[in-house]
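Peer 1: My structure file query_31.txt, compact mmCIF, C-alpha atoms and all ligand atoms, is below:
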```txt
# COMPACT_ATOMS: atom_id res chain seq x y z
CA MET A 1 8.14 11.33 -9.11
CA ILE A 2 5.89 11.78 -6.13
CA PRO A 3 2.49 10.25 -6.70
CA MET A 4 -0.25 12.68 -5.94
CA TRP A 5 -1.80 10.36 -3.42
CA ARG A 6 1.50 10.09 -1.66
CA VAL A 7 1.07 6.49 -2.35
CA ARG A 8 -1.03 6.63 0.68
CA THR A 9 -4.06 7.05 -1.33
CA LYS A 10 -6.26 9.49 -2.89
CA SER A 11 -8.98 9.27 -0.45
CA GLY A 12 -7.33 7.56 2.25
CA GLY A 13 -5.81 4.62 3.66
CA GLN A 14 -8.53 2.24 4.15
CA ARG A 15 -11.11 -0.18 4.92
CA ALA A 16 -14.71 -0.11 4.07
CA ARG A 17 -15.64 -3.10 6.14
CA ARG A 18 -13.99 -2.71 9.49
CA PRO A 19 -14.18 0.87 10.58
CA ALA A 20 -11.54 1.94 13.07
CA ARG A 21 -11.10 5.13 15.02
CA VAL A 22 -7.87 7.08 15.01
CA GLY A 23 -7.91 10.37 16.82
CA GLY A 24 -11.69 10.27 16.73
CA MET A 25 -11.63 9.74 12.97
CA ARG A 26 -13.86 7.00 11.68
CA GLN A 27 -12.39 4.96 8.86
CA GLU A 28 -14.76 3.96 6.11
CA ILE A 29 -12.77 5.07 3.17
CA TRP A 30 -12.84 2.38 0.54
CA ASP A 31 -16.49 2.88 -0.26
CA SER A 32 -18.33 2.92 -3.59
CA GLU A 33 -17.56 6.55 -4.34
CA THR A 34 -13.84 6.09 -3.73
CA ALA A 35 -13.80 2.86 -5.71
CA ARG A 36 -15.51 4.49 -8.69
CA GLY A 37 -13.03 7.36 -8.70
CA TYR A 38 -9.92 5.31 -7.94
CA ASP A 39 -8.65 4.62 -11.44
CA THR A 40 -6.92 7.42 -13.34
CA PRO A 41 -6.00 5.62 -16.57
CA GLY A 42 -2.69 6.76 -17.99
CA THR A 43 -1.92 9.27 -15.24
CA GLY A 44 -0.79 9.38 -11.60
CA MET A 45 -0.31 5.88 -10.23
CA PHE A 46 -1.75 4.51 -13.49
CA ALA A 47 0.87 6.24 -15.65
CA PRO A 48 2.92 3.88 -17.83
CA GLU A 49 6.15 5.18 -16.27
CA VAL A 50 4.86 4.07 -12.85
CA LEU A 51 3.19 0.82 -13.81
CA GLY A 52 5.72 -0.36 -16.40
CA PRO A 53 8.69 -0.81 -14.03
CA THR A 54 6.39 -2.14 -11.28
CA VAL A 55 4.98 -4.88 -13.48
CA ASP A 56 8.38 -5.69 -15.01
CA ARG A 57 9.94 -6.20 -11.60
CA LEU A 58 7.05 -8.21 -10.18
CA ALA A 59 6.94 -10.45 -13.24
CA ALA A 60 10.67 -11.14 -12.84
CA LEU A 61 10.31 -11.80 -9.10
CA ALA A 62 7.45 -14.24 -9.68
CA GLY A 63 10.00 -16.33 -11.56
CA GLY A 64 7.44 -18.19 -13.64
CA GLY A 65 5.19 -19.01 -10.65
CA ARG A 66 1.89 -17.69 -9.31
CA ALA A 67 1.49 -14.31 -7.63
CA LEU A 68 -0.83 -13.21 -4.82
CA GLU A 69 -1.59 -9.53 -4.31
CA PHE A 70 -2.61 -8.44 -0.83
CA ALA A 71 -5.09 -5.52 -1.02
CA ILE A 72 -5.53 -5.90 -4.76
CA GLY A 73 -7.90 -2.93 -5.00
CA THR A 74 -9.25 -2.32 -8.50
CA GLY A 75 -6.40 -4.29 -10.05
CA ARG A 76 -4.14 -1.37 -10.94
CA VAL A 77 -1.11 -3.69 -10.84
CA ALA A 78 -2.77 -7.11 -10.99
CA VAL A 79 -4.51 -6.57 -14.33
CA PRO A 80 -1.37 -5.67 -16.31
CA LEU A 81 0.64 -8.32 -14.45
CA ALA A 82 -1.90 -10.97 -15.42
CA GLY A 83 -1.75 -9.55 -18.94
CA ARG A 84 1.95 -10.43 -18.92
CA GLY A 85 1.06 -14.07 -18.33
CA VAL A 86 1.63 -14.19 -14.55
CA PRO A 87 -1.29 -15.96 -12.85
CA VAL A 88 -2.53 -13.50 -10.18
CA THR A 89 -4.93 -14.00 -7.27
CA GLY A 90 -5.99 -11.25 -4.88
CA ILE A 91 -7.13 -10.65 -1.33
CA GLU A 92 -9.16 -7.48 -0.75
CA LEU A 93 -11.25 -6.11 2.10
CA SER A 94 -13.46 -3.67 0.21
CA ARG A 95 -16.36 -5.05 -1.80
CA PRO A 96 -16.71 -1.83 -3.85
CA MET A 97 -13.04 -2.08 -4.88
CA ILE A 98 -13.56 -5.72 -5.92
CA ASP A 99 -16.68 -4.70 -7.88
CA GLN A 100 -14.60 -2.13 -9.72
CA LEU A 101 -11.98 -4.76 -10.53
CA ARG A 102 -14.75 -6.94 -11.91
CA THR A 103 -15.58 -4.29 -14.52
CA LYS A 104 -12.16 -5.13 -16.01
CA VAL A 105 -11.53 -8.84 -15.46
CA ASP A 106 -13.61 -11.85 -14.46
CA GLU A 107 -13.15 -14.26 -11.57
CA ALA A 108 -11.50 -16.86 -13.79
CA THR A 109 -8.81 -14.40 -14.89
CA ILE A 110 -8.07 -12.93 -11.45
CA PRO A 111 -9.74 -14.73 -8.53
CA VAL A 112 -10.20 -12.55 -5.43
CA ILE A 113 -10.80 -13.62 -1.84
CA ALA A 114 -12.81 -11.03 0.09
CA GLY A 115 -11.13 -10.58 3.45
CA ASP A 116 -8.38 -9.08 5.55
CA MET A 117 -4.85 -9.51 4.23
CA ALA A 118 -3.65 -10.16 7.79
CA SER A 119 -5.71 -13.34 8.03
CA ALA A 120 -7.58 -14.32 4.86
CA VAL A 121 -6.40 -17.44 3.06
CA ALA A 122 -6.22 -17.86 -0.72
CA PRO A 123 -6.08 -21.38 -2.11
CA GLY A 124 -2.82 -22.71 -3.52
CA ALA A 125 0.86 -21.91 -3.16
CA TYR A 126 2.64 -18.92 -4.64
CA THR A 127 6.17 -17.87 -5.56
CA LEU A 128 5.35 -14.21 -4.97
CA VAL A 129 3.14 -12.24 -2.58
CA TYR A 130 3.17 -8.48 -3.03
CA LEU A 131 1.72 -5.53 -1.12
CA VAL A 132 2.24 -2.19 -2.82
CA PHE A 133 1.23 1.47 -2.66
CA ASN A 134 1.99 1.80 1.09
CA THR A 135 -0.90 -0.43 1.99
CA ILE A 136 0.74 -2.28 4.89
CA SER A 137 0.40 1.04 6.74
CA ASN A 138 -3.37 0.66 6.50
CA LEU A 139 -3.04 -1.95 9.24
CA LEU A 140 -3.03 0.29 12.27
CA THR A 141 -1.34 -1.96 14.82
CA GLN A 142 2.04 -3.63 14.99
CA ALA A 143 0.29 -6.94 15.70
CA GLY A 144 -1.77 -6.55 12.52
CA GLN A 145 1.31 -5.80 10.44
CA VAL A 146 3.21 -8.78 11.88
CA ALA A 147 0.18 -10.98 11.16
CA CYS A 148 0.27 -9.72 7.58
CA PHE A 149 3.89 -10.90 7.20
CA ARG A 150 2.97 -14.27 8.66
CA ASN A 151 0.04 -14.53 6.30
CA ALA A 152 2.32 -13.80 3.36
CA ALA A 153 4.73 -16.53 4.52
CA ARG A 154 1.84 -19.00 4.85
CA HIS A 155 1.00 -18.58 1.17
CA LEU A 156 4.52 -18.92 -0.21
CA SER A 157 6.45 -21.97 -1.39
CA PRO A 158 9.99 -22.39 -0.02
CA GLY A 159 12.20 -19.68 -1.52
CA GLY A 160 9.14 -17.54 -2.21
CA ARG A 161 9.23 -13.75 -2.02
CA PHE A 162 7.18 -11.09 -0.28
CA VAL A 163 7.52 -7.63 -1.82
CA ILE A 164 6.52 -4.46 -0.01
CA GLU A 165 6.39 -0.92 -1.36
CA LEU A 166 6.26 1.62 1.45
CA TRP A 167 7.08 5.24 2.14
CA VAL A 168 9.80 6.26 4.59
CA PRO A 169 8.26 8.16 7.51
CA GLU A 170 9.34 11.80 7.37
CA LEU A 171 10.35 11.93 11.01
CA ARG A 172 13.48 13.90 10.20
CA LYS A 173 11.23 16.79 9.18
CA LEU A 174 9.71 16.98 12.64
CA PRO A 175 11.57 19.24 15.06
CA PRO A 176 10.49 18.97 18.71
CA GLY A 177 7.06 20.46 19.19
CA GLN A 178 6.01 20.19 15.53
CA GLN A 179 3.37 17.66 14.65
CA ALA A 180 2.69 18.21 10.96
CA THR A 181 4.61 18.05 7.68
CA VAL A 182 3.61 18.97 4.16
CA TYR A 183 4.68 16.01 2.08
CA HIS A 184 3.42 17.21 -1.25
CA ALA A 185 2.09 20.44 -2.76
CA GLU A 186 1.10 21.15 -6.33
CA PRO A 187 -1.60 23.28 -7.98
CA GLY A 188 -4.94 22.01 -6.70
CA TYR A 189 -3.51 19.63 -4.12
CA ILE A 190 -1.80 19.76 -0.74
CA GLY A 191 -0.90 16.67 1.25
CA LEU A 192 -0.35 17.21 4.94
CA ASP A 193 0.59 14.61 7.56
CA THR A 194 -0.05 14.90 11.27
CA TYR A 195 2.06 12.61 13.43
CA ASP A 196 1.37 10.93 16.75
CA VAL A 197 4.88 9.77 17.58
CA VAL A 198 3.80 8.12 20.82
CA ARG A 199 1.32 5.77 19.16
CA GLN A 200 3.30 5.63 15.90
CA LEU A 201 0.37 6.80 13.84
CA VAL A 202 0.03 9.37 11.11
CA VAL A 203 -3.06 10.88 9.57
CA SER A 204 -2.74 12.07 5.98
CA HIS A 205 -4.93 15.02 5.06
CA HIS A 206 -5.50 15.30 1.33
CA PHE A 207 -6.77 18.75 0.34
CA ARG A 208 -8.07 19.21 -3.22
CA PHE A 209 -9.16 22.60 -4.46
CA GLY A 210 -9.12 25.05 -7.34
CA ASP A 211 -10.86 25.66 -10.68
CA GLY A 212 -13.86 27.09 -8.84
CA ARG A 213 -14.49 23.67 -7.32
CA GLU A 214 -15.48 23.30 -3.72
CA ALA A 215 -12.43 22.34 -1.69
CA LYS A 216 -12.42 18.72 -0.59
CA LEU A 217 -10.65 17.06 2.28
CA PHE A 218 -10.02 13.34 2.67
CA ARG A 219 -8.20 11.96 5.64
CA SER A 220 -6.57 8.58 6.06
CA PRO A 221 -4.97 7.03 9.13
CA HIS A 222 -1.81 4.91 8.89
CA ARG A 223 0.64 3.17 11.15
CA TYR A 224 4.02 4.37 9.91
CA VAL A 225 6.92 1.92 9.87
CA TRP A 226 10.63 2.51 9.69
CA PRO A 227 12.40 0.05 7.35
CA ALA A 228 14.26 -1.58 10.26
CA GLU A 229 11.00 -2.42 12.01
CA LEU A 230 9.68 -3.87 8.79
CA ASP A 231 12.77 -6.09 8.58
CA LEU A 232 12.16 -7.31 12.12
CA MET A 233 8.56 -8.17 11.28
CA ALA A 234 9.87 -10.09 8.30
CA GLN A 235 12.30 -12.01 10.53
CA LEU A 236 9.48 -12.94 12.89
CA ALA A 237 7.70 -14.51 9.93
CA GLY A 238 10.78 -16.40 8.75
CA PHE A 239 11.93 -14.07 5.95
CA GLU A 240 15.30 -12.58 5.11
CA LEU A 241 15.75 -9.25 3.36
CA GLU A 242 16.91 -10.04 -0.16
CA SER A 243 17.02 -6.49 -1.55
CA ARG A 244 15.88 -2.94 -0.90
CA HIS A 245 15.72 -0.26 -3.56
CA ALA A 246 14.36 3.25 -3.74
CA ASP A 247 12.01 2.40 -6.61
CA TRP A 248 10.86 -0.32 -8.96
CA SER A 249 13.71 0.34 -11.39
CA GLY A 250 16.42 -0.65 -8.91
CA GLY A 251 17.52 2.86 -7.84
CA ALA A 252 19.83 2.90 -4.81
CA PHE A 253 18.10 3.25 -1.44
CA THR A 254 19.78 6.12 0.44
CA GLU A 255 19.13 8.37 3.41
CA GLU A 256 17.27 10.68 1.03
CA SER A 257 14.92 8.02 -0.35
CA ARG A 258 11.28 8.81 0.26
CA SER A 259 10.07 5.26 -0.24
CA HIS A 260 11.37 1.79 -0.82
CA VAL A 261 10.68 -1.48 -2.52
CA SER A 262 11.79 -4.26 -0.20
CA VAL A 263 12.01 -7.89 -1.24
CA TYR A 264 11.86 -10.52 1.51
CA ARG A 265 12.56 -14.16 0.85
CA LEU A 266 11.82 -17.44 2.61
CA PRO A 267 14.65 -19.95 2.85
CA PRO A 268 14.71 -22.49 0.04
CA ALA A 269 13.46 -26.02 0.76
C1 LIG B 301 -4.12 2.34 -1.97
S1 LIG B 301 -5.21 1.04 -2.37
C2 LIG B 301 -4.11 -0.05 -3.21
C3 LIG B 301 -4.81 -0.94 -4.17
C4 LIG B 301 -3.88 -1.65 -5.13
N1 LIG B 301 -2.98 -2.53 -4.44
C5 LIG B 301 -3.08 -0.64 -5.94
O1 LIG B 301 -1.87 -0.67 -5.88
O2 LIG B 301 -3.71 0.17 -6.61
C6 LIG B 301 -5.42 0.24 -0.81
C7 LIG B 301 -6.34 -0.98 -0.87
O3 LIG B 301 -6.10 -1.72 0.32
C8 LIG B 301 -7.32 -2.31 0.71
N2 LIG B 301 -7.15 -2.71 2.09
C9 LIG B 301 -6.90 -1.91 3.15
N3 LIG B 301 -6.76 -2.65 4.26
C10 LIG B 301 -6.90 -3.93 3.91
C11 LIG B 301 -6.84 -5.16 4.62
N4 LIG B 301 -6.62 -5.18 5.94
N5 LIG B 301 -7.02 -6.31 3.94
C12 LIG B 301 -7.25 -6.29 2.61
N6 LIG B 301 -7.34 -5.16 1.87
C13 LIG B 301 -7.15 -3.99 2.52
C14 LIG B 301 -8.31 -1.20 0.46
O4 LIG B 301 -9.63 -1.67 0.47
C15 LIG B 301 -7.83 -0.69 -0.89
O5 LIG B 301 -8.41 -1.42 -1.93
```
Can you dump the structure from the file as C-alpha cells?
Ligand SMILES: C[S@@+](CC[C@H](N)C(=O)[O-])C[C@H]1O[C@@H](n2cnc3c(N)ncnc32)[C@H](O)[C@@H]1O

Peer 2:
Amino acid sequence: MIPMWRVRTKSGGQRARRPARVGGMRQEIWDSETARGYDTPGTGMFAPEVLGPTVDRLAALAGGGRALEFAIGTGRVAVPLAGRGVPVTGIELSRPMIDQLRTKVDEATIPVIAGDMASAVAPGAYTLVYLVFNTISNLLTQAGQVACFRNAARHLSPGGRFVIELWVPELRKLPPGQQATVYHAEPGYIGLDTYDVVRQLVVSHHFRFGDGREAKLFRSPHRYVWPAELDLMAQLAGFELESRHADWSGGAFTEESRSHVSVYRLPPA
C-alpha cells in the first residue's frame, strides 16, 4: 500500500518553528491548520492495517523498556503504542502538532519535549528510539541527519535500538535530463517529486483536486537518503544495522522496495 502522503506528508515535510528555504520555498508547514487536519482516523496512515503492524513491531523492539519517538507529531504511533503498555516520550518541533496530541493524551501519559530531534534532550534512558514516516528527510542537511543519529544514540541504553522508516529515493526513474517523477496518482491526488541531484534534495508537490473543490497544492522539501548513506550515518553514531525490511511486517527488502524499516543497534554493555 502506498500511503497517500507518500509517507512524506500530507502537507509537507516540516517545521513550523525554523523556516528554511529550499529552491526559494519557505518552510513553515507544520502549522495549526496542518496539525488540525493531520489525523485521518481509521484511514490512510491511521488505518489499522498500517498502524497495527507498526505498533506490534515497535512494542517487540522496545523489549519491555521505554521508547522515545523523534518527531512524535500528533501521536499517530505513540498513542496506540502507549496504549499497549510501552512507556513513550516524544520530541517534537511543532507546537501546533503537540497541541493536537494533547487533545488525546496528557503530559503524564506521554511527556513531550518541544525541540529539534537533532539536538533536544529527553530525560532518562530508553531501549528504543524511533523515527517513522520518512521524517529524517525533513532534516535538510547531512550534518543535521548525522546529528539526529547521534542524538538517538545519546538517549539509548547499551544494546538499545534506533528504528527508521524511510522511502527509497526513486533515482532509477530519472533518466538524464529529467528532474521530476510522479510517485503516486489516484483520483483526487497526484504526488510529484522534483529532484536536485547535485544538492541531494527533493521537493514533493502534493496536488489535491476534484469534487468541485478548488485544487490545492502543498509542497515539502526533503533531503533524500540512500539506505547505504543511512547505514554510514548510523556507524558514525556507533550503531550497527541489525535488520532491514520492506515494511513493518517483516517483508523482504529488495531492489523493488519503495521504502524500508531499518533497525540499528548499539553494542551491548
Ligand atoms: C510526517 S509527520 C510525522 C509525525 C508522526 N511521527 C507520525 O508518524 O505521524 C512529521 C513531524 O515531524 C516534525 N518534525 C519535523 N522536523 C523536526 C525536527 N527537526 N525535530 C522535531 N520534530 C520535527 C513535524 O513537526 C511533524 O510533526

Peer 1: For ligand LIG 301 (chain B), return the neighbouring residues as a list in words (distance at most 6 Å; all atoms listed in the file).

Peer 2: Arg8, Thr9, Gln14, Arg15, Trp30, Ala71, Ile72, Gly73, Arg76, Val77, Ile91, Glu92, Leu93, Ser94, Met97, Gly115, Asp116, Met117, Val132, Phe133, Thr135, Asn138 and Leu139 of chain A

Peer 1: CA of Arg95 in chain A and CA of Leu166 in chain A are how many Å apart?

Peer 2: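 Going from CA of Arg95 in chain A over to CA of Leu166 in chain A, I get 23.8 Å.
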
Peer 1: For CA of Gln100 in chain A and CA of Gly42 in chain A, determine how far apart the two atoms are, in Å to one decimal place.

Peer 2: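 CA of Gln100 in chain A sits 17.0 Å away from CA of Gly42 in chain A.
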
Peer 1: Return the single residue from A:Arg213, A:Arg36, A:Arg223, A:His155 that is closest to Thr89 in chain A, with distances computed using only C-alpha atoms.

Peer 2: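 Checking each candidate against Thr89 in chain A, we get A:His155 as the closest.
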
Peer 1: Could you give me, as a tab-separated table, a per-residue list for range 113-200 of chain A showing, wherever an atom lies at most 10 Å from an atom of range 230-233 of chain A, the closest pair of atoms and their distance in Å to one decimal, using all atoms listed in the file and sorting by chain then residue number from low to high?

Peer 2:
```
residue	atom	partner	partner_atom	distance
A:Ile136	CA	A:Leu230	CA	9.9
A:Gln142	CA	A:Met233	CA	8.8
A:Ala143	CA	A:Met233	CA	9.5
A:Gln145	CA	A:Met233	CA	7.7
A:Val146	CA	A:Met233	CA	5.4
A:Ala147	CA	A:Met233	CA	8.8
A:Cys148	CA	A:Met233	CA	9.2
A:Phe149	CA	A:Met233	CA	6.8
A:Arg150	CA	A:Met233	CA	8.7
A:Ile164	CA	A:Leu230	CA	9.4
A:Leu166	CA	A:Leu230	CA	9.8
```

Peer 1: Have a look at CA of Val163 in chain A and CA of Arg219 in chain A and let me know their distance in Å, one decimal.

Peer 2: 26.2 Å

Peer 1: Which residues are close to Gly83 in chain A, i.e. within 12 Å by all atoms listed in the file, leaving aside same-chain residues fewer than 4 positions away? Reply as a count of residues only.

Peer 2: 14

Peer 1: Find the residues near Val50 in chain A: any atom within 12 Å, counting only C-alpha atoms, skip ones fewer than 2 places away on the same chain, and give them as a list of chain:residue names.

Peer 2: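 My list of contacting residues is A:Met1, A:Ile2, A:Pro3, A:Val7, A:Pro41, A:Gly42, A:Thr43, A:Gly44, A:Met45, A:Phe46, A:Ala47, A:Pro48, A:Gly52, A:Pro53, A:Thr54, A:Val55, A:Asp56, A:Arg57, A:Arg76, A:Val77, A:Phe133, A:Asp247, A:Trp248, A:Ser249.
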
Peer 1: Counting all atoms listed in the file, I want the residues whose atoms come within 12 Å of (-1.8, 12.4, 11.7) in the file frame, returned as a compact mmCIF listing (two decimals) with C-alpha atoms, in the frame of the given file.

Peer 2:
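In the end it all went to result_26.txt:
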```txt
# COMPACT_ATOMS: atom_id res chain seq x y z
CA GLY A 12 -7.33 7.56 2.25
CA GLY A 13 -5.81 4.62 3.66
CA VAL A 22 -7.87 7.08 15.01
CA GLY A 23 -7.91 10.37 16.82
CA GLY A 24 -11.69 10.27 16.73
CA MET A 25 -11.63 9.74 12.97
CA PRO A 169 8.26 8.16 7.51
CA GLU A 170 9.34 11.80 7.37
CA GLN A 178 6.01 20.19 15.53
CA GLN A 179 3.37 17.66 14.65
CA ALA A 180 2.69 18.21 10.96
CA THR A 181 4.61 18.05 7.68
CA VAL A 182 3.61 18.97 4.16
CA GLY A 191 -0.90 16.67 1.25
CA LEU A 192 -0.35 17.21 4.94
CA ASP A 193 0.59 14.61 7.56
CA THR A 194 -0.05 14.90 11.27
CA TYR A 195 2.06 12.61 13.43
CA ASP A 196 1.37 10.93 16.75
CA VAL A 197 4.88 9.77 17.58
CA VAL A 198 3.80 8.12 20.82
CA ARG A 199 1.32 5.77 19.16
CA GLN A 200 3.30 5.63 15.90
CA LEU A 201 0.37 6.80 13.84
CA VAL A 202 0.03 9.37 11.11
CA VAL A 203 -3.06 10.88 9.57
CA SER A 204 -2.74 12.07 5.98
CA HIS A 205 -4.93 15.02 5.06
CA HIS A 206 -5.50 15.30 1.33
CA ARG A 219 -8.20 11.96 5.64
CA SER A 220 -6.57 8.58 6.06
CA PRO A 221 -4.97 7.03 9.13
CA HIS A 222 -1.81 4.91 8.89
CA ARG A 223 0.64 3.17 11.15
CA TYR A 224 4.02 4.37 9.91
```

Peer 1: Determine the nearest neighbour of Ala234 in chain A from the options A:Val263, A:Pro96, A:Ala60, A:Gly212, counting all atoms listed in the file.

Peer 2: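 Of the candidates, the smallest distance to Ala234 in chain A is held by A:Val263.
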